[in-house]
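Okay, coords.pdb now, which holds PDB, C-alpha atoms, pLDDT in the B column:
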```pdb
ATOM      1  CA  MET E  17     118.490 205.626  25.389  1.00 56.00           C
ATOM      2  CA  SER E  18     117.647 207.189  28.741  1.00 61.00           C
ATOM      3  CA  LYS E  19     119.548 210.073  30.341  1.00 56.00           C
ATOM      4  CA  LEU E  20     120.766 207.757  33.102  1.00 54.00           C
ATOM      5  CA  THR E  21     122.218 205.278  30.605  1.00 52.00           C
ATOM      6  CA  THR E  22     123.915 208.089  28.678  1.00 49.00           C
ATOM      7  CA  ARG E  23     125.434 209.469  31.874  1.00 47.00           C
ATOM      8  CA  ARG E  24     126.713 206.024  32.869  1.00 50.00           C
ATOM      9  CA  ILE E  25     128.340 205.567  29.457  1.00 50.00           C
ATOM     10  CA  LEU E  26     129.963 209.009  29.705  1.00 44.00           C
ATOM     11  CA  ALA E  27     131.197 208.302  33.247  1.00 44.00           C
ATOM     12  CA  ALA E  28     132.653 204.928  32.213  1.00 45.00           C
ATOM     13  CA  SER E  29     134.332 206.562  29.194  1.00 44.00           C
ATOM     14  CA  ALA E  30     135.862 209.284  31.379  1.00 44.00           C
ATOM     15  CA  VAL E  31     137.251 206.679  33.808  1.00 43.00           C
ATOM     16  CA  ALA E  32     138.732 204.696  30.888  1.00 42.00           C
ATOM     17  CA  ILE E  33     140.321 207.819  29.419  1.00 40.00           C
ATOM     18  CA  VAL E  34     141.918 208.848  32.705  1.00 42.00           C
ATOM     19  CA  ALA E  35     143.141 205.292  33.367  1.00 43.00           C
ATOM     20  CA  ALA E  36     144.680 205.045  29.902  1.00 40.00           C
ATOM     21  CA  GLY E  37     146.368 208.429  30.251  1.00 41.00           C
ATOM     22  CA  ALA E  38     147.650 207.699  33.742  1.00 39.00           C
ATOM     23  CA  SER E  39     149.222 204.415  32.667  1.00 38.00           C
ATOM     24  CA  ALA E  40     151.554 206.101  30.182  1.00 38.00           C
ATOM     25  CA  ALA E  41     155.173 206.363  31.208  1.00 40.00           C
ATOM     26  CA  PRO E  42     156.115 210.042  31.513  1.00 44.00           C
ATOM     27  CA  ALA E  43     159.364 211.487  30.252  1.00 50.00           C
ATOM     28  CA  HIS E  44     162.018 211.698  32.925  1.00 56.00           C
ATOM     29  CA  ALA E  45     164.308 214.463  34.052  1.00 63.00           C
ATOM     30  CA  ALA E  46     167.577 214.704  32.160  1.00 71.00           C
ATOM     31  CA  SER E  47     170.558 216.974  32.278  1.00 75.00           C
ATOM     32  CA  THR E  48     173.905 217.596  30.644  1.00 78.00           C
ATOM     33  CA  PRO E  49     176.116 219.151  33.321  1.00 81.00           C
ATOM     34  CA  GLY E  50     176.954 222.755  32.545  1.00 82.00           C
ATOM     35  CA  VAL E  51     174.772 222.825  29.417  1.00 85.00           C
ATOM     36  CA  SER E  52     171.077 221.900  29.776  1.00 87.00           C
ATOM     37  CA  ALA E  53     168.391 220.528  32.100  1.00 89.00           C
ATOM     38  CA  THR E  54     165.006 219.064  31.112  1.00 89.00           C
ATOM     39  CA  CYS E  55     162.177 217.877  33.375  1.00 88.00           C
ATOM     40  CA  ALA E  56     158.715 216.331  33.168  1.00 84.00           C
ATOM     41  CA  PRO E  57     155.785 217.097  35.534  1.00 86.00           C
ATOM     42  CA  GLY E  58     156.530 216.242  39.153  1.00 85.00           C
ATOM     43  CA  GLU E  59     160.305 216.272  38.643  1.00 88.00           C
ATOM     44  CA  SER E  60     163.211 218.671  38.587  1.00 90.00           C
ATOM     45  CA  ALA E  61     166.615 218.611  36.914  1.00 90.00           C
ATOM     46  CA  ASP E  62     169.861 220.299  37.847  1.00 91.00           C
ATOM     47  CA  ALA E  63     172.751 220.787  35.420  1.00 90.00           C
ATOM     48  CA  SER E  64     174.469 223.435  37.536  1.00 90.00           C
ATOM     49  CA  ILE E  65     178.201 223.907  37.397  1.00 89.00           C
ATOM     50  CA  ARG E  66     179.596 223.178  40.851  1.00 89.00           C
ATOM     51  CA  ASN E  67     182.822 223.847  42.669  1.00 89.00           C
ATOM     52  CA  PRO E  68     184.704 220.517  42.512  1.00 88.00           C
ATOM     53  CA  ILE E  69     186.126 221.027  45.991  1.00 91.00           C
ATOM     54  CA  ASN E  70     183.074 221.855  48.125  1.00 92.00           C
ATOM     55  CA  GLY E  71     180.151 221.204  45.754  1.00 88.00           C
ATOM     56  CA  ASN E  72     178.734 224.740  45.957  1.00 91.00           C
ATOM     57  CA  VAL E  73     176.783 225.914  42.916  1.00 89.00           C
ATOM     58  CA  LEU E  74     178.837 228.301  40.797  1.00 90.00           C
ATOM     59  CA  ILE E  75     176.457 228.676  37.831  1.00 89.00           C
ATOM     60  CA  PRO E  76     172.850 227.478  38.273  1.00 91.00           C
ATOM     61  CA  ILE E  77     171.187 225.720  35.317  1.00 90.00           C
ATOM     62  CA  THR E  78     167.888 224.221  36.505  1.00 91.00           C
ATOM     63  CA  ALA E  79     164.505 223.015  35.277  1.00 91.00           C
ATOM     64  CA  ASP E  80     161.657 222.760  37.819  1.00 92.00           C
ATOM     65  CA  CYS E  81     158.397 220.925  37.079  1.00 89.00           C
ATOM     66  CA  LYS E  82     157.457 219.901  40.633  1.00 89.00           C
ATOM     67  CA  ARG E  83     154.263 222.012  40.688  1.00 88.00           C
ATOM     68  CA  ALA E  84     152.967 220.729  37.330  1.00 85.00           C
ATOM     69  CA  ALA E  85     150.319 218.013  37.018  1.00 81.00           C
ATOM     70  CA  PRO E  86     149.518 216.890  33.460  1.00 77.00           C
ATOM     71  CA  VAL E  87     145.756 216.458  33.997  1.00 78.00           C
ATOM     72  CA  THR E  88     144.734 217.878  30.606  1.00 78.00           C
ATOM     73  CA  ALA E  89     147.486 215.977  28.794  1.00 77.00           C
ATOM     74  CA  ALA E  90     146.493 212.696  30.479  1.00 79.00           C
ATOM     75  CA  LEU E  91     142.891 213.139  29.342  1.00 82.00           C
ATOM     76  CA  GLY E  92     143.965 214.079  25.814  1.00 81.00           C
ATOM     77  CA  ASP E  93     146.382 211.152  25.564  1.00 81.00           C
ATOM     78  CA  GLY E  94     143.625 208.829  26.782  1.00 82.00           C
ATOM     79  CA  LEU E  95     141.379 210.064  23.967  1.00 83.00           C
ATOM     80  CA  LEU E  96     144.171 209.575  21.436  1.00 82.00           C
ATOM     81  CA  ARG E  97     144.648 205.979  22.635  1.00 83.00           C
ATOM     82  CA  LEU E  98     140.926 205.287  22.225  1.00 84.00           C
ATOM     83  CA  PHE E  99     141.311 206.215  18.555  1.00 83.00           C
ATOM     84  CA  GLY E 100     144.472 204.137  18.167  1.00 82.00           C
ATOM     85  CA  GLN E 101     146.853 207.097  18.054  1.00 80.00           C
ATOM     86  CA  GLU E 102     150.200 207.460  19.781  1.00 80.00           C
ATOM     87  CA  PRO E 103     149.964 209.655  22.919  1.00 75.00           C
ATOM     88  CA  ILE E 104     151.913 212.878  22.430  1.00 77.00           C
ATOM     89  CA  LEU E 105     150.396 215.514  24.704  1.00 77.00           C
ATOM     90  CA  ARG E 106     152.172 214.400  27.883  1.00 76.00           C
ATOM     91  CA  ASP E 107     155.525 214.997  26.180  1.00 76.00           C
ATOM     92  CA  LEU E 108     154.584 218.647  25.657  1.00 79.00           C
ATOM     93  CA  ASN E 109     154.542 219.208  29.435  1.00 82.00           C
ATOM     94  CA  GLN E 110     158.159 220.003  30.148  1.00 86.00           C
ATOM     95  CA  ALA E 111     160.649 222.672  31.043  1.00 87.00           C
ATOM     96  CA  ILE E 112     163.973 223.001  29.249  1.00 86.00           C
ATOM     97  CA  ALA E 113     166.831 225.209  30.425  1.00 87.00           C
ATOM     98  CA  VAL E 114     169.774 225.678  28.057  1.00 87.00           C
ATOM     99  CA  GLY E 115     172.569 227.888  29.247  1.00 81.00           C
ATOM    100  CA  PRO E 116     176.061 226.809  28.346  1.00 78.00           C
ATOM    101  CA  ALA E 117     178.022 228.057  31.348  1.00 73.00           C
ATOM    102  CA  LEU E 118     175.478 230.820  32.136  1.00 80.00           C
ATOM    103  CA  PRO E 119     172.770 231.014  34.846  1.00 87.00           C
ATOM    104  CA  THR E 120     169.473 229.684  33.416  1.00 86.00           C
ATOM    105  CA  LYS E 121     166.187 228.536  34.981  1.00 88.00           C
ATOM    106  CA  ALA E 122     162.977 227.184  33.433  1.00 88.00           C
ATOM    107  CA  SER E 123     159.873 226.126  35.378  1.00 89.00           C
ATOM    108  CA  ILE E 124     156.264 225.088  34.782  1.00 87.00           C
ATOM    109  CA  ALA E 125     153.243 224.744  37.087  1.00 86.00           C
ATOM    110  CA  GLY E 126     149.558 223.931  36.789  1.00 83.00           C
ATOM    111  CA  GLY E 127     147.317 221.243  35.355  1.00 80.00           C
ATOM    112  CA  GLY E 128     147.131 222.284  31.705  1.00 78.00           C
ATOM    113  CA  ILE E 129     149.511 221.698  28.836  1.00 78.00           C
ATOM    114  CA  THR E 130     152.475 223.876  29.733  1.00 80.00           C
ATOM    115  CA  ALA E 131     155.998 224.175  28.417  1.00 83.00           C
ATOM    116  CA  ALA E 132     158.888 226.487  29.195  1.00 85.00           C
ATOM    117  CA  ILE E 133     162.125 226.920  27.312  1.00 83.00           C
ATOM    118  CA  ALA E 134     164.801 229.188  28.747  1.00 84.00           C
ATOM    119  CA  VAL E 135     167.942 229.883  26.733  1.00 83.00           C
ATOM    120  CA  THR E 136     170.806 232.051  27.883  1.00 79.00           C
ATOM    121  CA  ALA E 137     173.479 232.871  25.330  1.00 70.00           C
ATOM    122  CA  VAL E 138     176.520 235.093  25.133  1.00 63.00           C
ATOM    123  CA  ARG E 139     176.770 237.663  22.408  1.00 62.00           C
ATOM    124  CA  ARG E 140     180.280 238.080  21.212  1.00 61.00           C
ATOM    125  CA  ILE E 141     181.297 241.690  20.892  1.00 60.00           C
ATOM    126  CA  ARG E 142     184.055 242.467  18.426  1.00 64.00           C
ATOM    127  CA  SER E 143     186.603 244.969  19.449  1.00 58.00           C
ATOM    128  CA  PRO E 144     187.175 247.853  16.998  1.00 63.00           C
ATOM    129  CA  MET E 145     190.890 247.150  17.431  1.00 57.00           C
ATOM    130  CA  CYS E 146     190.609 243.783  15.629  1.00 53.00           C
TER     131      CYS E 146
END
```

Could you render the structure as structure tokens?
Amino acid sequence: MSKLTTRRILAASAVAIVAAGASAAPAHAASTPGVSATCAPGESADASIRNPINGNVLIPITADCKRAAPVTAALGDGLLRLFGQEPILRDLNQAIAVGPALPTKASIAGGGITAAIAVTAVRRIRSPMC
């Protein structure tokens, strides 16, 4: 097989991999108000606690994935599909913010496989009087 034929096969394979990865449905942003926010690349989610009267944010709980592009995950998922496997890498690209009634922010950016998990919790302090 000549070098030109090999290069054409590789180029066609790369196009097929990218097309297969790009056709997958990405996870979508989700939130539970006041508790958690989760986003996929290109999206953002807001679970902030707001003032019911004027809508101002009282406690921000956000996940921001707007600057993330799952290029590596799309290629990897395309390879998995070629071998008959279920695509899983795209689901790893996400940001999760969990902060029950506390300010929390998680964000991801870039073209690789990235994930961020931010958890804010309250530590209960016992009084010596109890």

Lys121 in chain E surroundings by all atoms listed in the file, 6 Å radius, close-in-sequence under 3 positions cut, as a count of residues only: 4

Please list, as a PDB file with C-alpha atoms, keeping the file's coordinate frame, the residues that have an atom at most 8 Å away from (175.5, 223.4, 30.6) in the coordinates of this file, counting all atoms listed in the file.
```pdb
ATOM      1  CA  THR E  48     173.905 217.596  30.644  1.00 78.00           C
ATOM      2  CA  PRO E  49     176.116 219.151  33.321  1.00 81.00           C
ATOM      3  CA  GLY E  50     176.954 222.755  32.545  1.00 82.00           C
ATOM      4  CA  VAL E  51     174.772 222.825  29.417  1.00 85.00           C
ATOM      5  CA  SER E  52     171.077 221.900  29.776  1.00 87.00           C
ATOM      6  CA  ALA E  53     168.391 220.528  32.100  1.00 89.00           C
ATOM      7  CA  ALA E  63     172.751 220.787  35.420  1.00 90.00           C
ATOM      8  CA  SER E  64     174.469 223.435  37.536  1.00 90.00           C
ATOM      9  CA  ILE E  65     178.201 223.907  37.397  1.00 89.00           C
ATOM     10  CA  ILE E  77     171.187 225.720  35.317  1.00 90.00           C
ATOM     11  CA  VAL E 114     169.774 225.678  28.057  1.00 87.00           C
ATOM     12  CA  GLY E 115     172.569 227.888  29.247  1.00 81.00           C
ATOM     13  CA  PRO E 116     176.061 226.809  28.346  1.00 78.00           C
ATOM     14  CA  ALA E 117     178.022 228.057  31.348  1.00 73.00           C
ATOM     15  CA  LEU E 118     175.478 230.820  32.136  1.00 80.00           C
TER      16      LEU E 118
END
```

Test item: residues at most 7 Å from Leu108 in chain E, all atoms listed in the file, excluding those fewer than 2 positions along its chain, as a PyMOL selection string: chain E and resi 105-106+110+129-131

Would you save the residues from that selection as a PDB file, in the frame of the given file, using C-alpha atoms?
```pdb
ATOM      1  CA  LEU E 105     150.396 215.514  24.704  1.00 77.00           C
ATOM      2  CA  ARG E 106     152.172 214.400  27.883  1.00 76.00           C
ATOM      3  CA  GLN E 110     158.159 220.003  30.148  1.00 86.00           C
ATOM      4  CA  ILE E 129     149.511 221.698  28.836  1.00 78.00           C
ATOM      5  CA  THR E 130     152.475 223.876  29.733  1.00 80.00           C
ATOM      6  CA  ALA E 131     155.998 224.175  28.417  1.00 83.00           C
TER       7      ALA E 131
END
```

Separation of CA of Ser123 in chain E from CA of Leu74 in chain E, in Å and rounded to one decimal: 19.8 Å

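The shortest atom-to-atom distance to Ser60 in chain E, with only C-alpha atoms taken into account, belongs to E:Lys82 out of E:Pro76, E:Ala89, E:Ile124, E:Lys82.
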
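Between CA of Ala56 in chain E and CA of Ile133 in chain E there is a distance of 12.6 Å.
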
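Counting from CA of Asn109 in chain E, the distance to CA of Ala137 in chain E is 23.7 Å.
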
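Against this structure, the PyMOL selection byres ((chain E and resi 87) around 12) ends up with Ile33, Val34, Ala35, Gly37, Ala38, Pro57, Gly58, Ala84, Ala85, Pro86, Thr88, Ala89, Ala90, Leu91, Gly92, Asp93, Gly94, Leu105, Arg106, Asn109, Ala125, Gly126, Gly127, Gly128, Ile129 and Thr130 of chain E.
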
Can I get the selected residues back with C-alpha atoms, as a PDB file, keeping the file's coordinate frame?
```
ATOM      1  CA  ILE E  33     140.321 207.819  29.419  1.00 40.00           C
ATOM      2  CA  VAL E  34     141.918 208.848  32.705  1.00 42.00           C
ATOM      3  CA  ALA E  35     143.141 205.292  33.367  1.00 43.00           C
ATOM      4  CA  GLY E  37     146.368 208.429  30.251  1.00 41.00           C
ATOM      5  CA  ALA E  38     147.650 207.699  33.742  1.00 39.00           C
ATOM      6  CA  PRO E  57     155.785 217.097  35.534  1.00 86.00           C
ATOM      7  CA  GLY E  58     156.530 216.242  39.153  1.00 85.00           C
ATOM      8  CA  ALA E  84     152.967 220.729  37.330  1.00 85.00           C
ATOM      9  CA  ALA E  85     150.319 218.013  37.018  1.00 81.00           C
ATOM     10  CA  PRO E  86     149.518 216.890  33.460  1.00 77.00           C
ATOM     11  CA  THR E  88     144.734 217.878  30.606  1.00 78.00           C
ATOM     12  CA  ALA E  89     147.486 215.977  28.794  1.00 77.00           C
ATOM     13  CA  ALA E  90     146.493 212.696  30.479  1.00 79.00           C
ATOM     14  CA  LEU E  91     142.891 213.139  29.342  1.00 82.00           C
ATOM     15  CA  GLY E  92     143.965 214.079  25.814  1.00 81.00           C
ATOM     16  CA  ASP E  93     146.382 211.152  25.564  1.00 81.00           C
ATOM     17  CA  GLY E  94     143.625 208.829  26.782  1.00 82.00           C
ATOM     18  CA  LEU E 105     150.396 215.514  24.704  1.00 77.00           C
ATOM     19  CA  ARG E 106     152.172 214.400  27.883  1.00 76.00           C
ATOM     20  CA  ASN E 109     154.542 219.208  29.435  1.00 82.00           C
ATOM     21  CA  ALA E 125     153.243 224.744  37.087  1.00 86.00           C
ATOM     22  CA  GLY E 126     149.558 223.931  36.789  1.00 83.00           C
ATOM     23  CA  GLY E 127     147.317 221.243  35.355  1.00 80.00           C
ATOM     24  CA  GLY E 128     147.131 222.284  31.705  1.00 78.00           C
ATOM     25  CA  ILE E 129     149.511 221.698  28.836  1.00 78.00           C
ATOM     26  CA  THR E 130     152.475 223.876  29.733  1.00 80.00           C
TER      27      THR E 130
END
```

Around range 49-58 of chain E, with edges along x, y and z and 8 Å added on all six sides, what centre and edge lengths do you get, in Å to one decimal, as lines of an AutoDock Vina configuration file?
```
center_x = 166.4
center_y = 219.5
center_z = 34.3
size_x = 37.2
size_y = 22.6
size_z = 25.7
```

Selected residue of minimal separation from Thr136 in chain E among E:Ala46, E:Ile69, E:Ile75, E:Leu95, counting only C-alpha atoms: E:Ile75

Residue nearest Cys81 in chain E among E:Ala134, E:Ser47, E:Ala111, E:Thr120 (counting all atoms listed in the file): E:Ala111

As a PDB file, keeping the file's coordinate frame, please: range 80-91 of chain E completed to N, CA and C atoms.
```pdb
ATOM      1  N   ASP E  80     162.529 223.142  36.702  1.00 92.00           N
ATOM      2  CA  ASP E  80     161.657 222.760  37.819  1.00 92.00           C
ATOM      3  C   ASP E  80     160.230 222.524  37.336  1.00 92.00           C
ATOM      4  N   CYS E  81     159.760 221.290  37.497  1.00 89.00           N
ATOM      5  CA  CYS E  81     158.397 220.925  37.079  1.00 89.00           C
ATOM      6  C   CYS E  81     157.618 220.312  38.243  1.00 89.00           C
ATOM      7  N   LYS E  82     158.070 220.543  39.467  1.00 89.00           N
ATOM      8  CA  LYS E  82     157.457 219.901  40.633  1.00 89.00           C
ATOM      9  C   LYS E  82     156.006 220.315  40.848  1.00 89.00           C
ATOM     10  N   ARG E  83     155.635 221.540  40.451  1.00 88.00           N
ATOM     11  CA  ARG E  83     154.263 222.012  40.688  1.00 88.00           C
ATOM     12  C   ARG E  83     153.360 221.807  39.475  1.00 88.00           C
ATOM     13  N   ALA E  84     153.783 220.993  38.523  1.00 85.00           N
ATOM     14  CA  ALA E  84     152.967 220.729  37.330  1.00 85.00           C
ATOM     15  C   ALA E  84     152.314 219.356  37.438  1.00 85.00           C
ATOM     16  N   ALA E  85     151.060 219.275  37.043  1.00 81.00           N
ATOM     17  CA  ALA E  85     150.319 218.013  37.018  1.00 81.00           C
ATOM     18  C   ALA E  85     149.642 217.914  35.659  1.00 81.00           C
ATOM     19  N   PRO E  86     150.013 216.945  34.837  1.00 77.00           N
ATOM     20  CA  PRO E  86     149.518 216.890  33.460  1.00 77.00           C
ATOM     21  C   PRO E  86     148.094 216.334  33.334  1.00 77.00           C
ATOM     22  N   VAL E  87     147.132 216.947  34.020  1.00 78.00           N
ATOM     23  CA  VAL E  87     145.756 216.458  33.997  1.00 78.00           C
ATOM     24  C   VAL E  87     145.171 216.533  32.586  1.00 78.00           C
ATOM     25  N   THR E  88     145.283 217.690  31.949  1.00 78.00           N
ATOM     26  CA  THR E  88     144.734 217.878  30.606  1.00 78.00           C
ATOM     27  C   THR E  88     145.418 216.955  29.608  1.00 78.00           C
ATOM     28  N   ALA E  89     146.736 216.844  29.713  1.00 77.00           N
ATOM     29  CA  ALA E  89     147.486 215.977  28.794  1.00 77.00           C
ATOM     30  C   ALA E  89     147.104 214.513  28.981  1.00 77.00           C
ATOM     31  N   ALA E  90     146.885 214.087  30.226  1.00 79.00           N
ATOM     32  CA  ALA E  90     146.493 212.696  30.479  1.00 79.00           C
ATOM     33  C   ALA E  90     145.138 212.394  29.850  1.00 79.00           C
ATOM     34  N   LEU E  91     144.200 213.332  29.959  1.00 82.00           N
ATOM     35  CA  LEU E  91     142.891 213.139  29.342  1.00 82.00           C
ATOM     36  C   LEU E  91     142.996 213.108  27.816  1.00 82.00           C
TER      37      LEU E  91
END
```
